[in-house]
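Note sheet for the following structure.
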Amino acid sequence: MTEMIADDIRRLEEQERLLRFGRFSPDDAWLLGNRVREVALARGAGVAIDISFRDRTLFHSALPGTTTDNVEWIRRKRNTVLRLWSASYLVGRRLALSGRDQMEARNLSYADFSVHGGSFPIIVGDLGCIGAVSVSGVPERIDHAIVADAIASFLKVDLGESRLPE
């Protein structure tokens, strides 16, 4: 089990290295949001989708099968990304490997943060993390894969070996 988690961490760290933006605008959010939606629909995944800068929502869509609870999960996952500048799933996998929970390790309240998969940082050059792309509605590993695959497609990046097996 520890080996599997360590392998996930290696892959997720590589994804974060590969999936960086040269620039990111509200128009990019619209295009990327639609790409995320296409990936989710192709997989038959009923998810809510959110792309936000730190101060505002740029794209939001809720596919059939979602509930208001998915929006709450997105908020908590996004908060994790914006605070730690790392994918929510990577944070969760690192904590799983350490055997510590989010409160103990990072002082992340359960009411405001989630270390479940599905939110990925929008990292732009030297600016760092300016926002997050998030989904919620299916198991966390699939939530994460939908976002990572959509960003990779948008950026025309081949994830290769860094892609997580589902």
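Labeling convention for the structure tokens: chains A, B, ... as they appear, residues from 1 per chain, ligands from 1 in order of appearance.
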- Distance query Leu82 in chain A at most 8 Å, only C-alpha atoms, self and fewer than 5 positions along chain excluded, as a list in words: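 So the residues in contact are Arg54, Pro121, Cys129, Ile130, Gly131 and Ala132 of chain A.
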Show me, as a Markdown table, the residues of range 31-107 of chain A having an atom within 8 Å of range 133-151 of chain A, each with the closest atom pair and its distance in Å, using only C-alpha atoms.
| residue | atom | partner | partner_atom | distance |
| --- | --- | --- | --- | --- |
| A:Leu32 | CA | A:Ile151 | CA | 7.0 |
| A:Arg35 | CA | A:Ala150 | CA | 5.8 |
| A:Val36 | CA | A:Ala150 | CA | 5.1 |
| A:Val39 | CA | A:Ile146 | CA | 6.3 |
| A:Ala40 | CA | A:Ile146 | CA | 6.3 |
| A:Ala45 | CA | A:Val138 | CA | 6.6 |
| A:Gly46 | CA | A:Gly137 | CA | 5.9 |
| A:Val47 | CA | A:Gly137 | CA | 4.3 |
| A:Ala48 | CA | A:Val135 | CA | 5.4 |
| A:Ile49 | CA | A:Val135 | CA | 4.6 |
| A:Asp50 | CA | A:Ser134 | CA | 5.1 |
| A:Ile51 | CA | A:Val133 | CA | 4.5 |
| A:Ser52 | CA | A:Val133 | CA | 6.7 |
| A:Gly65 | CA | A:Gly137 | CA | 8.0 |
| A:Thr66 | CA | A:Gly137 | CA | 6.2 |
| A:Asn70 | CA | A:Ser136 | CA | 5.3 |
| A:Val71 | CA | A:Ser136 | CA | 7.4 |
| A:Trp73 | CA | A:Ser136 | CA | 6.4 |
| A:Ile74 | CA | A:Ser134 | CA | 6.0 |
| A:Lys77 | CA | A:Ser134 | CA | 7.3 |
| A:Arg78 | CA | A:Ser134 | CA | 6.6 |
| A:Tyr89 | CA | A:His144 | CA | 6.8 |
How would the residues just picked look written out with C-alpha atoms as a compact mmCIF listing (two decimals), in the first residue's frame?
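To be explicit, this is the file written out as part.txt:
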# COMPACT_ATOMS: atom_id res chain seq x y z
CA LEU A 32 -10.60 25.16 -20.28
CA ARG A 35 -12.69 21.15 -22.07
CA VAL A 36 -13.20 19.83 -18.52
CA VAL A 39 -13.83 15.17 -20.63
CA ALA A 40 -16.40 14.60 -17.87
CA ALA A 45 -19.14 11.59 -14.95
CA GLY A 46 -21.78 13.79 -13.34
CA VAL A 47 -19.58 16.48 -11.84
CA ALA A 48 -19.73 20.11 -10.88
CA ILE A 49 -16.90 22.12 -12.44
CA ASP A 50 -15.35 25.32 -11.15
CA ILE A 51 -12.47 27.47 -12.33
CA SER A 52 -11.63 30.35 -10.04
CA GLY A 65 -26.37 14.04 -11.33
CA THR A 66 -24.73 16.71 -9.20
CA ASN A 70 -20.68 19.10 -4.85
CA VAL A 71 -20.29 22.89 -4.75
CA TRP A 73 -16.71 19.96 -1.85
CA ILE A 74 -15.30 22.19 -4.59
CA LYS A 77 -10.79 21.41 -2.28
CA ARG A 78 -10.12 24.80 -3.89
CA TYR A 89 -5.14 14.91 -4.26
- Task: Per DSSP on the backbone, filter range 74-123 of chain A down to the residues in helix (DSSP H, G or I) and report them as a ChimeraX atom specification.
- Result: /A:74-84,88-98,102-106
Produce a file of the selected residues containing C-alpha atoms, as a PDB file, in the first residue's frame.
ATOM      1  CA  ILE A  74     -15.296  22.187  -4.593  1.00  0.00           C
ATOM      2  CA  ARG A  75     -15.004  25.120  -2.181  1.00  0.00           C
ATOM      3  CA  ARG A  76     -13.078  23.030   0.339  1.00  0.00           C
ATOM      4  CA  LYS A  77     -10.786  21.407  -2.278  1.00  0.00           C
ATOM      5  CA  ARG A  78     -10.119  24.803  -3.891  1.00  0.00           C
ATOM      6  CA  ASN A  79      -9.232  26.294  -0.492  1.00  0.00           C
ATOM      7  CA  THR A  80      -6.615  23.563  -0.058  1.00  0.00           C
ATOM      8  CA  VAL A  81      -5.065  24.326  -3.449  1.00  0.00           C
ATOM      9  CA  LEU A  82      -5.051  28.077  -2.894  1.00  0.00           C
ATOM     10  CA  ARG A  83      -3.459  27.709   0.534  1.00  0.00           C
ATOM     11  CA  LEU A  84      -0.828  25.075  -0.300  1.00  0.00           C
ATOM     12  CA  SER A  88      -5.745  18.575  -3.381  1.00  0.00           C
ATOM     13  CA  TYR A  89      -5.140  14.907  -4.257  1.00  0.00           C
ATOM     14  CA  LEU A  90      -1.364  15.293  -3.919  1.00  0.00           C
ATOM     15  CA  VAL A  91      -1.843  16.870  -0.487  1.00  0.00           C
ATOM     16  CA  GLY A  92      -4.093  13.970   0.500  1.00  0.00           C
ATOM     17  CA  ARG A  93      -1.688  11.312  -0.802  1.00  0.00           C
ATOM     18  CA  ARG A  94       1.231  12.918   1.058  1.00  0.00           C
ATOM     19  CA  LEU A  95      -0.811  12.934   4.258  1.00  0.00           C
ATOM     20  CA  ALA A  96      -1.823   9.287   3.707  1.00  0.00           C
ATOM     21  CA  LEU A  97       1.844   8.343   3.357  1.00  0.00           C
ATOM     22  CA  SER A  98       2.753  10.237   6.528  1.00  0.00           C
ATOM     23  CA  GLN A 102      -5.042  17.370   7.677  1.00  0.00           C
ATOM     24  CA  MET A 103      -5.625  19.020  11.061  1.00  0.00           C
ATOM     25  CA  GLU A 104      -2.597  17.482  12.710  1.00  0.00           C
ATOM     26  CA  ALA A 105      -0.207  18.006   9.807  1.00  0.00           C
ATOM     27  CA  ARG A 106      -1.361  21.306   8.283  1.00  0.00           C
TER      28      ARG A 106
END
Where does DSSP see strand (DSSP E or B) in range 4-157 of chain A, if you list the residues as a tab-separated table (two decimals) with N, CA and C atoms, in the first residue's frame?
chain	number	residue	atom	x	y	z
A	21	PHE	N	1.03	26.99	-16.76
A	21	PHE	CA	0.54	27.91	-17.78
A	21	PHE	C	1.53	29.05	-18.01
A	48	ALA	N	-19.69	18.65	-10.86
A	48	ALA	CA	-19.73	20.11	-10.88
A	48	ALA	C	-18.31	20.56	-11.20
A	49	ILE	N	-18.19	21.63	-11.97
A	49	ILE	CA	-16.90	22.12	-12.44
A	49	ILE	C	-16.77	23.58	-12.04
A	50	ASP	N	-15.59	23.95	-11.56
A	50	ASP	CA	-15.35	25.32	-11.15
A	50	ASP	C	-13.92	25.72	-11.52
A	51	ILE	N	-13.78	26.88	-12.12
A	51	ILE	CA	-12.47	27.47	-12.33
A	51	ILE	C	-12.52	28.86	-11.70
A	52	SER	N	-11.61	29.09	-10.78
A	52	SER	CA	-11.63	30.35	-10.04
A	52	SER	C	-10.24	30.92	-9.89
A	53	PHE	N	-10.16	32.26	-9.95
A	53	PHE	CA	-8.99	32.97	-9.45
A	53	PHE	C	-9.18	33.05	-7.94
A	57	THR	N	-14.99	33.68	-9.32
A	57	THR	CA	-15.28	32.51	-10.14
A	57	THR	C	-15.27	32.93	-11.61
A	58	LEU	N	-14.59	32.15	-12.44
A	58	LEU	CA	-14.50	32.44	-13.86
A	58	LEU	C	-15.36	31.50	-14.70
A	59	PHE	N	-15.56	30.28	-14.19
A	59	PHE	CA	-16.35	29.28	-14.92
A	59	PHE	C	-16.99	28.36	-13.89
A	60	HIS	N	-18.26	28.06	-14.10
A	60	HIS	CA	-18.94	27.09	-13.24
A	60	HIS	C	-20.00	26.37	-14.06
A	61	SER	N	-20.04	25.06	-13.91
A	61	SER	CA	-21.04	24.25	-14.59
A	61	SER	C	-21.36	23.05	-13.72
A	62	ALA	N	-22.62	22.67	-13.71
A	62	ALA	CA	-23.05	21.48	-12.97
A	62	ALA	C	-23.73	20.53	-13.94
A	119	SER	N	-9.07	19.04	-7.29
A	119	SER	CA	-8.73	20.44	-7.50
A	119	SER	C	-7.25	20.54	-7.83
A	120	PHE	N	-6.94	21.32	-8.86
A	120	PHE	CA	-5.57	21.41	-9.38
A	120	PHE	C	-5.19	22.88	-9.49
A	121	PRO	N	-3.96	23.24	-9.10
A	121	PRO	CA	-3.57	24.65	-9.14
A	121	PRO	C	-3.37	25.17	-10.56
A	122	ILE	N	-3.75	26.42	-10.75
A	122	ILE	CA	-3.41	27.15	-11.97
A	122	ILE	C	-2.12	27.90	-11.62
A	123	ILE	N	-1.02	27.34	-12.08
A	123	ILE	CA	0.29	27.94	-11.79
A	123	ILE	C	0.78	28.63	-13.05
A	124	VAL	N	1.03	29.93	-12.93
A	124	VAL	CA	1.46	30.74	-14.06
A	124	VAL	C	2.87	31.25	-13.79
A	128	GLY	N	3.19	32.05	-9.64
A	128	GLY	CA	2.77	31.00	-8.73
A	128	GLY	C	1.31	30.63	-8.94
A	129	CYS	N	0.67	30.21	-7.90
A	129	CYS	CA	-0.72	29.73	-7.97
A	129	CYS	C	-1.68	30.91	-7.95
A	130	ILE	N	-2.36	31.11	-9.08
A	130	ILE	CA	-3.29	32.24	-9.19
A	130	ILE	C	-4.75	31.80	-9.07
A	131	GLY	N	-4.97	30.47	-9.05
A	131	GLY	CA	-6.33	29.97	-8.98
A	131	GLY	C	-6.34	28.45	-8.99
A	132	ALA	N	-7.54	27.90	-9.25
A	132	ALA	CA	-7.69	26.45	-9.23
A	132	ALA	C	-8.76	26.01	-10.20
A	133	VAL	N	-8.56	24.81	-10.73
A	133	VAL	CA	-9.56	24.12	-11.55
A	133	VAL	C	-10.05	22.97	-10.69
A	134	SER	N	-11.36	22.90	-10.45
A	134	SER	CA	-11.88	21.91	-9.51
A	134	SER	C	-13.11	21.21	-10.04
A	135	VAL	N	-13.24	19.94	-9.67
A	135	VAL	CA	-14.47	19.19	-9.95
A	135	VAL	C	-14.84	18.37	-8.73
A	136	SER	N	-16.11	18.01	-8.65
A	136	SER	CA	-16.60	17.13	-7.59
A	136	SER	C	-17.82	16.39	-8.11
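CA of Ala42 in chain A sits 13.3 Å away from CA of Pro64 in chain A.
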